[in-house]
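Enquirer: This is the structure I want to talk about, given as structure tokens.
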Amino acid sequence: MRTLLVILLLGMLAAVGYFAYSAMSVEGDPIPTEGYVALALGAGFSVIVGVGLMVLLFFSSRRGYDEPPHFK
């Protein structure tokens, strides 16, 4: 079962590598400036959301909000 999982994951990795290579080797116009701006804003927003979620995770852990309920 474990061997099948490893083979499946390696196959998926090979497929992703093939599609990434084929997407980068397509001839066409370069990305316009607006595309780079949109890419940078999207990546920055994703980082901000990730950092915010991690801050909330640590905050809730330190305050004890993750503890199981104590019934009396």
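The way I read the labels, and the way they are meant: chains A, B, ... in the order of the structure tokens, residue 1 as the first residue of every chain, and ligand 1 as the first ligand shown, with later ones counted on from there.
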Please identify the helix (DSSP H, G or I) residues within segment 9-70 of chain A (assignment by DSSP from backbone atoms) and present them as number ranges by chain.

Expert: A: 9-24, 33-63

Enquirer: One number please: atom CA of Val37 of chain A to atom CA of Gly17 of chain A, in Å, one decimal.

Expert: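 One can read the atom CA of Val37 of chain A to atom CA of Gly17 of chain A distance as 26.0 Å.
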
Enquirer: In Å, rounded to a single decimal, give me how far atom CA of Phe45 of chain A is from atom CA of Tyr65 of chain A.

Expert: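 Pair atom CA of Tyr65 of chain A / atom CA of Phe45 of chain A returns 26.8 Å.
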
Enquirer: In Å to one decimal, how far is atom CA of Gly44 of chain A from atom CA of Arg63 of chain A?

Expert: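 About the pair atom CA of Arg63 of chain A and atom CA of Gly44 of chain A: they are 28.5 Å apart.
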